[in-house]
Every structure is written in structure tokens, then in C-alpha cells.
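Q: Attaching a single structure in C-alpha cells format; questions to follow.
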Amino acid sequence: MIRIGVNKTGDWTRAALTLGAAPRALHLAIDRAVLQEAQFFRKKVVEGFREQAPGGQKFKPLSEATLAIRRFTGFGGTKALIKKGDLRNSVKVAKKMTATGAEAFVGVLRSARSKDGKDLHNIAAIHEFGFGPIIIEVTPAMRRFLMAAFRAELKGFGSGPSSKGTMKNGILVIFIPPRPFIRPVAERYFDNAEAGARFAMRVALLLGGALGIPSTRVGGAVAGLSAVRPVLKIPKKSGAPGP
């Protein structure tokens, strides 16, 4: 759902003169910094699942009906999107080399599948953007199951603040609310000046090691990186969340 690239700004002529014969070291440092940013991004996405608040934006709570069915089937967890952990664990970092250097994809790959074979790429898009209406023809067996679950766990059929659903004449209509787990992280950690400073520091530290000199001395040499920021490519609702 996110691709990380690099824009170079600043006095690169001066930087090149300072670095002398180390252009390859600089390119390698930038490529490694891109991958470090990608791993940082993935870590924050996974934290968002665990804390139920990616980028500090809380998930909408699960509906009472969903929680009732969970309890009825023996699962007491109340957290959204991590009942089995398949979606959370499917968030990966993929490296790609281009003519201009390294790119890193962070998100759910199109090939991702759950343990029972479900398309996690599609599931990720549904939860990132929301989806509906979903029309389901209720079978007798399904009706018996639902009524048993609601009688056992609820005083009648109810729905919580995060879901909308109706059942009439044997037809169940469901709307899944958006619970974005990629965009809030991108907005908090990448869409600001801190991202550029963080990236520049990564390059400085990596370049210092490559040249065998203290990173504090390299800091001035990579001053032209001070405005470098990852380039985010986040799809609109109609887009797909993976490559």
C-alpha cells in the first residue's frame, strides 16, 4: 500500500566534492536507508493492530452482534482485525531495485493468503476503505445459528456503533465500516518534516560506517539530504492495496 522512493534536494555538487570518491557508498547508504524506513513503517503498522489505533487513530469498535458470535463460538477477544492474526502477519516489506535505486513496498501482497486460503489482499482493501452493501441469502441453518448465538449472548438482536445491518425476508444486508491500518500510519510518520530528518540521519550513520569515519563528521557532507523525504504512493478507494 506504500512505496518508498527518494527525492534528492539541496547542494549535491558540494556534497559530491566533499565525499570525493565515495559515490557508490552514498548510493548504497541511501538504498539501505530506504529499506530501514520500510521496516520502520511495517513495525508501526503492526503496532497499530496491537494497540487498535494505527497512527493514533482508534479503530471503530466491533458490533455487539460480531462480539456475540465470537463468544458463542468460543473466542472471547474483542480486538478488530486480529482474530487469527492472518491479516496483521501478512503485512510485509518487499524490496525492488530500479534504475534510480532501491524501492520498498510495505503492505499486503496480491499473493497473500490466510491459513484457510482466503485472499488477504482483498480483505485488506475491504477493511482499509470499508465495503458494502453485502447481500447474503440467509439459509435455515444460518438463521438457527444466528438466533442461537444472539439468544445466548444478547438480549435480542443488537448492533453496535460500528456496523449497519438489516435482515428482512431471508436477506441479510451488511455494511463493513472502514478500519484503515495503512493510511493513518503514513500520515503520522511520513507526511511531515520529521520523516526527512529521520531519513537523513539514517543515511549519515550508514555513510559514516561505509567511509570508516565518525557519523558526526559525515553529517555536514550529507547536508543535501536534509530535505529528503520518502515518496508515498497510497491508492484511492478504487485502487488496490498491493503490487
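By order of appearance in the C-alpha cells: chains A, B, ..., then residues from 1 within every chain, and ligands from 1 in the order shown.
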List the spatial neighbours of Arg50 (chain A) as an mmCIF file with C-alpha atoms, in the first residue's frame - criterion: any atom at most 12 Å away, only C-alpha atoms, same-chain residues fewer than 2 positions off excluded.
A:
data_model
loop_
_atom_site.group_PDB
_atom_site.id
_atom_site.type_symbol
_atom_site.label_atom_id
_atom_site.label_comp_id
_atom_site.auth_asym_id
_atom_site.auth_seq_id
_atom_site.Cartn_x
_atom_site.Cartn_y
_atom_site.Cartn_z
ATOM 1 C CA LYS A 43 6.669 -2.016 12.642
ATOM 2 C CA LYS A 44 4.307 0.919 13.155
ATOM 3 C CA VAL A 45 1.543 -0.805 11.162
ATOM 4 C CA VAL A 46 1.858 -3.948 13.311
ATOM 5 C CA GLU A 47 1.824 -1.800 16.465
ATOM 6 C CA GLY A 48 -1.401 -0.245 15.186
ATOM 7 C CA GLN A 52 -6.063 -0.875 17.910
ATOM 8 C CA ALA A 53 -5.012 2.645 16.970
ATOM 9 C CA PRO A 54 -2.762 2.840 13.873
ATOM 10 C CA GLY A 55 -1.081 6.213 13.730
ATOM 11 C CA GLY A 56 -3.021 7.149 16.870
ATOM 12 C CA LYS A 58 -8.572 4.298 17.021
ATOM 13 C CA PHE A 59 -10.372 1.536 15.178
ATOM 14 C CA THR A 78 -12.663 -8.019 21.351
ATOM 15 C CA LYS A 79 -9.953 -6.567 19.104
ATOM 16 C CA ALA A 80 -10.725 -5.781 15.471
ATOM 17 C CA LEU A 81 -8.839 -7.327 12.528
ATOM 18 C CA ILE A 82 -6.685 -9.719 14.576
ATOM 19 C CA LYS A 83 -8.942 -12.638 15.495
ATOM 20 C CA GLY A 85 -3.638 -12.689 13.169
ATOM 21 C CA LEU A 87 -4.068 -10.013 8.212
ATOM 22 C CA ARG A 88 -1.595 -8.468 10.640
ATOM 23 C CA ASN A 89 1.046 -11.076 9.793
ATOM 24 C CA PHE A 181 -4.416 0.455 9.171
#
Q: Name all residues at most 7 Å from Ala33 (chain A) (count only C-alpha atoms; drop same-chain ones fewer than 5 positions away) and give them as an MDAnalysis selection string.
A: chainID A and resid 199 202:203
Q: Using DSSP on the backbone, list every residue of region 49-138 of chain A that comes out as alpha helix (DSSP H), and give them as a list in words.
A: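 Those residues are Phe49, Arg50, Glu51, Glu64, Ala65, Thr66, Leu67, Ala68, Ile69, Arg70, Arg71, Phe72, Asp86, Leu87, Arg88, Asn89, Leu120, His121, Asn122, Ile123, Ala124, Ala125, Ile126, His127, Glu128 and Phe129 of chain A.
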Q: Name the residues in contact with Thr139 (chain A) at a cut-off of 8 Å, using only C-alpha atoms, excluding same-chain residues fewer than 3 positions from it; report them as JSON, numbers by chain.
A: {"A": [142, 143, 170]}
Q: Would you save the residues from that selection as a short mmCIF file (atom, residue, chain, number, x, y, z; two decimals), in the first residue's frame, using N, CA and C atoms?
A:
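File produced: part.cif:
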data_model
loop_
_atom_site.label_atom_id
_atom_site.label_comp_id
_atom_site.auth_asym_id
_atom_site.auth_seq_id
_atom_site.Cartn_x
_atom_site.Cartn_y
_atom_site.Cartn_z
N MET A 142 -28.17 -21.11 8.79
CA MET A 142 -27.58 -19.85 9.22
C MET A 142 -28.49 -19.12 10.19
N ARG A 143 -29.79 -19.13 9.90
CA ARG A 143 -30.75 -18.46 10.79
C ARG A 143 -30.74 -19.10 12.18
N GLY A 170 -35.53 -13.06 4.74
CA GLY A 170 -34.48 -14.03 4.45
C GLY A 170 -33.24 -13.45 3.79
#
Q: Which residue gives the smallest distance to Lys115 (chain A) among A:Pro177, A:Val185, A:Lys84, A:Met201, with only C-alpha atoms counted?
A: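 Comparing A:Pro177, A:Val185, A:Lys84, A:Met201 against Lys115 (chain A), the winner is A:Lys84.
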Q: For the atom pair CA of Pro178 (chain A) and CA of Lys60 (chain A), what is the interatomic distance in Å to one decimal place?
A: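 Between these atoms lies a distance of 8.1 Å.
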Q: What is the distance, in Å and to one decimal place, between CA of Leu26 (chain A) and CA of Ala195 (chain A)?
A: 18.9 Å
Q: Excluding Leu28 (chain A) and any residue of its chain fewer than 6 positions from it, enumerate the residues within 10 Å of it, using only C-alpha atoms, and give them as a PDB file with N, CA and C atoms, in the first residue's frame.
A:
ATOM      1  N   VAL A  34      16.414   3.484   2.742  1.00  0.00           N
ATOM      2  CA  VAL A  34      15.060   3.259   2.249  1.00  0.00           C
ATOM      3  C   VAL A  34      14.476   1.987   2.867  1.00  0.00           C
ATOM      4  N   GLY A 101      17.615   3.390  -8.065  1.00  0.00           N
ATOM      5  CA  GLY A 101      17.930   2.927  -6.720  1.00  0.00           C
ATOM      6  C   GLY A 101      16.863   2.020  -6.151  1.00  0.00           C
ATOM      7  N   ALA A 102      16.922   1.810  -4.846  1.00  0.00           N
ATOM      8  CA  ALA A 102      16.012   0.875  -4.190  1.00  0.00           C
ATOM      9  C   ALA A 102      14.642   1.483  -3.941  1.00  0.00           C
ATOM     10  N   VAL A 203      20.958   7.944   6.615  1.00  0.00           N
ATOM     11  CA  VAL A 203      21.994   7.972   5.586  1.00  0.00           C
ATOM     12  C   VAL A 203      23.332   8.389   6.184  1.00  0.00           C
ATOM     13  N   LEU A 206      24.799   5.467   8.185  1.00  0.00           N
ATOM     14  CA  LEU A 206      25.245   4.399   7.287  1.00  0.00           C
ATOM     15  C   LEU A 206      26.475   4.822   6.493  1.00  0.00           C
ATOM     16  N   LEU A 207      26.503   6.069   6.051  1.00  0.00           N
ATOM     17  CA  LEU A 207      27.631   6.559   5.268  1.00  0.00           C
ATOM     18  C   LEU A 207      28.884   6.668   6.120  1.00  0.00           C
ATOM     19  N   ALA A 210      30.398   3.330   6.235  1.00  0.00           N
ATOM     20  CA  ALA A 210      30.961   2.927   4.950  1.00  0.00           C
ATOM     21  C   ALA A 210      32.319   3.579   4.700  1.00  0.00           C
TER      22      ALA A 210
END
Q: Can you pull out every residue within 10 Å of Ala152 (chain A), counting only C-alpha atoms, but drop anything in the same chain fewer than 2 positions away, and send it as an MDAnalysis selection string?
A: chainID A and resid 68:69 71:72 146:150 154:156
